[in-house]
Amino acid sequence: MSEKPVIEVVGLTKRFKGLTAVNDVSFSVRKGGITGMIGPNGAGKSTTFNMICGYYPPTEGKIYYNGEDITNKRAYEYTNMKIARTFQIMKPLKNLTVLDNVIASAYFGHAAAKSKEEATERAIEILKFTGLYEKRHVLSKEMGTPDQKRLEMARALATKPEVLFLDENMAGLNPTETAEAIELIRKINQSGVTILLIEHIMQAVVSLCEKVIVLHHGEKIAEGTPEEVMNDPYVMEVYLGKKAEDKQEKEEA
Ligand SMILES: Nc1ncnc2c1ncn2[C@@H]1O[C@H](COP(=O)(O)OP(=O)(O)O)[C@@H](O)[C@H]1O
Ligand SMILES: [Mg+2]
């Protein structure tokens, strides 16, 4: 009945020397949906993304993309897969204009542009879609955080992904900018792109995600609708317990 998941990970584990950053994590991502991943700092969220996107090989476990085992494929072999990502630390080409940044990305991936005209045409369309068209001649380094984040998404979209991974794309945004970012992510999803996002801003997770995976100390501790995970006693303890600790530390300082 249901379509096979676009991404499925089974028993995913990553050990860095003595540290187990991700431990036996399994979940799937529904094609066409928005899946969220939350958890305290150091929970293993970015490491999970890095494994799925081919940046690190997993120590153990399997990664399937549209049913195909891609566990041992490296990042450069992902070019023919339709997976794109943004980074927690933004990596735009600082001395290029917004337009040239997006044009450069249009030459990568399964739908790599074959000519400058094709790349430019696609970039302009994406800049209009993401609300950056008016700033197309600005150097990317001269833009503020919200536009840099938008540019990261525009660059990822220039590769025509089927799945887009967003790693804390809303960090540092004020409430108005956050609301705009939520709208853009929804619009990208409605254009047919499956989204997996890591996000600290609960408002974003609640309003966007059909399913949320909660990581803590590298382990999946809960999975369900935003409402289900927010009401999960262990998740509440992890979040509220952490707040209580922070408060205590401040009081002791
Ligand atoms: N390349 C690496 N080498 C060693 N340790 C790492 C590396 N990347 C992440 N870690 C460690 O793995 C744990 C999980 O990190 P990360 O996945 O970045 O967490 P999150 O994104 O949930 O904040 C942390 O303890 C972090 O210090
Ligand atoms: Mg992270």
# chains A, B, ... in the order shown; residues from 1 in each chain; ligands from 1
>>> select_by_dssp(residues="region 27-241 of chain A", states="strand (DSSP E)", output="JSON, numbers by chain")
{"A": [27, 28, 29, 34, 35, 36, 37, 38, 60, 61, 62, 63, 64, 65, 68, 69, 83, 84, 85, 163, 164, 165, 166, 167, 194, 195, 196, 197, 198, 211, 212, 213, 214, 215, 216, 219, 220, 221, 222, 223, 224]}
>>> residues_around(residues="Gly67 (chain A)", least_positions_apart="3", cutoff="10 Å", atoms="only C-alpha atoms", output="count of residues only")
8
>>> closest_atom_pairs(of="chain A", to="ligand 2", cutoff="12 Å", atoms="only C-alpha atoms and all ligand atoms", output="Markdown table")
| residue | atom | partner | partner_atom_place_in_ligand_line | distance |
| --- | --- | --- | --- | --- |
| A:Ala21 | CA | ligand 2 | 1 (Mg) | 11.2 |
| A:Met37 | CA | ligand 2 | 1 (Mg) | 10.4 |
| A:Ile38 | CA | ligand 2 | 1 (Mg) | 9.7 |
| A:Gly39 | CA | ligand 2 | 1 (Mg) | 9.4 |
| A:Pro40 | CA | ligand 2 | 1 (Mg) | 9.1 |
| A:Asn41 | CA | ligand 2 | 1 (Mg) | 6.7 |
| A:Gly42 | CA | ligand 2 | 1 (Mg) | 6.8 |
| A:Ala43 | CA | ligand 2 | 1 (Mg) | 8.0 |
| A:Gly44 | CA | ligand 2 | 1 (Mg) | 7.0 |
| A:Lys45 | CA | ligand 2 | 1 (Mg) | 5.5 |
| A:Ser46 | CA | ligand 2 | 1 (Mg) | 4.1 |
| A:Thr47 | CA | ligand 2 | 1 (Mg) | 7.3 |
| A:Thr48 | CA | ligand 2 | 1 (Mg) | 9.2 |
| A:Phe49 | CA | ligand 2 | 1 (Mg) | 8.9 |
| A:Asn50 | CA | ligand 2 | 1 (Mg) | 9.9 |
| A:Thr86 | CA | ligand 2 | 1 (Mg) | 11.6 |
| A:Phe87 | CA | ligand 2 | 1 (Mg) | 9.0 |
| A:Gln88 | CA | ligand 2 | 1 (Mg) | 6.4 |
| A:Ile89 | CA | ligand 2 | 1 (Mg) | 9.1 |
| A:Leu166 | CA | ligand 2 | 1 (Mg) | 10.6 |
| A:Asp167 | CA | ligand 2 | 1 (Mg) | 6.9 |
| A:Glu168 | CA | ligand 2 | 1 (Mg) | 7.3 |
| A:Asn169 | CA | ligand 2 | 1 (Mg) | 10.7 |
| A:Ala171 | CA | ligand 2 | 1 (Mg) | 10.9 |
| A:Leu197 | CA | ligand 2 | 1 (Mg) | 11.0 |
| A:Ile198 | CA | ligand 2 | 1 (Mg) | 7.7 |
| A:Glu199 | CA | ligand 2 | 1 (Mg) | 9.1 |
| A:His200 | CA | ligand 2 | 1 (Mg) | 9.8 |
| A:Leu215 | CA | ligand 2 | 1 (Mg) | 11.3 |
| A:Gly218 | CA | ligand 2 | 1 (Mg) | 11.7 |
>>> closest_residue(among="A:Val9, A:Ile213, A:Ile34, A:Leu164", to="ligand 1", atoms="only C-alpha atoms and all ligand atoms")
A:Ile213
>>> residues_around(residues="His137 (chain A)", least_positions_apart="5", cutoff="10 Å", atoms="only C-alpha atoms", output="list in words")
Leu96, Thr97, Val98, Leu99, Asp100 and Leu132 of chain A
>>> write_last_selection(atoms="C-alpha atoms", output="compact mmCIF listing (two decimals), in the first residue's frame")
# COMPACT_ATOMS: atom_id res chain seq x y z
CA LEU A 96 30.96 35.49 -5.58
CA THR A 97 27.66 37.24 -6.07
CA VAL A 98 24.45 35.56 -5.01
CA LEU A 99 23.67 34.79 -8.66
CA ASP A 100 27.11 33.29 -9.37
CA LEU A 132 16.73 36.45 -3.39
>>> residues_around(residues="Gly131 (chain A)", least_positions_apart="5", cutoff="10 Å", atoms="only C-alpha atoms", output="MDAnalysis selection string")
chainID A and resid 126 136 147 150:151 154 184
>>> write_last_selection(atoms="N, CA and C atoms", output="PDB file, in the first residue's frame")
ATOM      1  N   ILE A 126      15.414  30.022  -9.506  1.00  0.00           N
ATOM      2  CA  ILE A 126      15.528  29.653  -8.091  1.00  0.00           C
ATOM      3  C   ILE A 126      15.642  30.889  -7.201  1.00  0.00           C
ATOM      4  N   ARG A 136      20.553  39.597  -6.326  1.00  0.00           N
ATOM      5  CA  ARG A 136      21.390  38.691  -7.115  1.00  0.00           C
ATOM      6  C   ARG A 136      22.794  39.212  -7.382  1.00  0.00           C
ATOM      7  N   ASP A 147      19.637  35.988   4.833  1.00  0.00           N
ATOM      8  CA  ASP A 147      19.839  35.823   3.388  1.00  0.00           C
ATOM      9  C   ASP A 147      20.900  34.763   3.084  1.00  0.00           C
ATOM     10  N   ARG A 150      19.080  31.564   3.222  1.00  0.00           N
ATOM     11  CA  ARG A 150      18.295  31.435   2.007  1.00  0.00           C
ATOM     12  C   ARG A 150      19.171  31.006   0.833  1.00  0.00           C
ATOM     13  N   LEU A 151      20.358  31.624   0.771  1.00  0.00           N
ATOM     14  CA  LEU A 151      21.290  31.300  -0.318  1.00  0.00           C
ATOM     15  C   LEU A 151      21.728  29.833  -0.226  1.00  0.00           C
ATOM     16  N   ALA A 154      19.019  27.966  -1.720  1.00  0.00           N
ATOM     17  CA  ALA A 154      18.987  28.191  -3.171  1.00  0.00           C
ATOM     18  C   ALA A 154      20.066  27.362  -3.859  1.00  0.00           C
ATOM     19  N   LEU A 184       9.200  29.315   3.413  1.00  0.00           N
ATOM     20  CA  LEU A 184      10.022  28.885   2.275  1.00  0.00           C
ATOM     21  C   LEU A 184      10.202  27.364   2.280  1.00  0.00           C
TER      22      LEU A 184
END
>>> residues_around(residues="Asn23 (chain A)", least_positions_apart="4", cutoff="9 Å", atoms="only C-alpha atoms", output="PyMOL selection string")
chain A and resi 11-15+44+60+217-220
>>> write_last_selection(atoms="N, CA and C atoms", output="compact mmCIF listing (two decimals), in the first residue's frame")
# COMPACT_ATOMS: atom_id res chain seq x y z
N GLY A 11 20.09 0.58 12.05
CA GLY A 11 21.20 0.30 12.98
C GLY A 11 22.41 1.18 12.76
N LEU A 12 22.17 2.43 12.36
CA LEU A 12 23.28 3.32 12.03
C LEU A 12 24.10 3.66 13.29
N THR A 13 25.41 3.46 13.17
CA THR A 13 26.32 3.70 14.30
C THR A 13 27.56 4.40 13.80
N LYS A 14 28.03 5.42 14.56
CA LYS A 14 29.31 6.06 14.22
C LYS A 14 30.14 6.21 15.48
N ARG A 15 31.32 5.60 15.43
CA ARG A 15 32.25 5.76 16.55
C ARG A 15 33.44 6.57 16.07
N GLY A 44 24.21 13.88 18.21
CA GLY A 44 24.56 13.05 17.06
C GLY A 44 23.77 13.36 15.81
N GLU A 60 28.84 1.13 11.66
CA GLU A 60 27.93 -0.01 11.48
C GLU A 60 26.60 0.50 10.94
N HIS A 217 22.33 11.61 23.30
CA HIS A 217 23.56 10.82 23.48
C HIS A 217 23.71 9.77 22.38
N GLY A 218 23.40 10.16 21.15
CA GLY A 218 23.62 9.26 20.02
C GLY A 218 22.53 8.23 19.79
N GLU A 219 21.53 8.18 20.69
CA GLU A 219 20.50 7.15 20.54
C GLU A 219 19.15 7.76 20.21
N LYS A 220 18.36 7.02 19.46
CA LYS A 220 17.00 7.48 19.19
C LYS A 220 16.17 7.18 20.42
>>> select_by_dssp(residues="region 14-149 of chain A", states="helix (DSSP H, G or I)", output="VMD selection string")
chain A and resid 45 to 52 75 to 80 98 to 106 116 to 130 133 to 135 140 to 142 145 to 149
>>> residues_around(residues="Glu121 (chain A)", least_positions_apart="6", cutoff="10 Å", atoms="only C-alpha atoms", output="PyMOL selection string")
chain A and resi 103+106+113+115
>>> residues_around(residues="Gly192 (chain A)", least_positions_apart="4", cutoff="8 Å", atoms="only C-alpha atoms", output="NGL selection string")
:A and (32 or 162 or 188)
>>> atom_distance(atom1="CA of Tyr78 (chain A)", atom2="CA of Gly109 (chain A)")
7.7 Å
>>> closest_residue(among="A:Glu142, A:Arg155, A:Thr59, A:Ser105", to="Leu127 (chain A)", atoms="only C-alpha atoms")
A:Arg155
